[in-house]
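Written below as structure tokens is the structure these notes are about.
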Amino acid sequence: SDGLACFTAVNDAECSHFSIVTGGGPKSVTKQQFIWVNTMIGNVKNAITGTYHSINPKHLPRYLAEYCYRFNRRFSLEDMLPRFMYVALRTAPMPQKYLSMAELYG
């Protein structure tokens, strides 16, 4: 990660972690360790802002879940819509319920 202070919680959880302080600016995005991270963050931002006219922070978990769904199926695009319909028809309605990451991926 970068040197953001919130990442000290990773060490507090007794997990291995080291930070790479980029210093900001244009040169920071060229560091090998962050090229794919920055690419993914940019793709997520563009996917969300390019899809939705109004972004509500309350729904950010849903936006991210949709992006993850599409990203994980990017190599089999022809199966995406039939698979989505299969899952949608078999899932109970969940109005205003947010799923935790464990519920989504557990």
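Going through the structure tokens in order, the chains are called A, B, and so on, while each chain numbers its residues from 1 and the ligands are numbered from 1 in the order shown.
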Write out as an MDAnalysis selection string which residues come within 12 Å of range 29-43 of chain A when counting only C-alpha atoms, dropping same-chain ones fewer than 5 positions away. chainID A and resid 1:2 18:24 48:51 64 67:68 70:71
Which is closer to Phe84 in chain A than all the others in A:Ser28, A:Ala13, A:Lys58, A:Tyr69, using only C-alpha atoms? A:Tyr69
Just list the residues in chain A DSSP gives helix (DSSP H, G or I) on the backbone, as a VMD selection string. chain A and resid 5 to 12 26 to 30 32 to 51 57 to 72 77 to 89 101 to 105
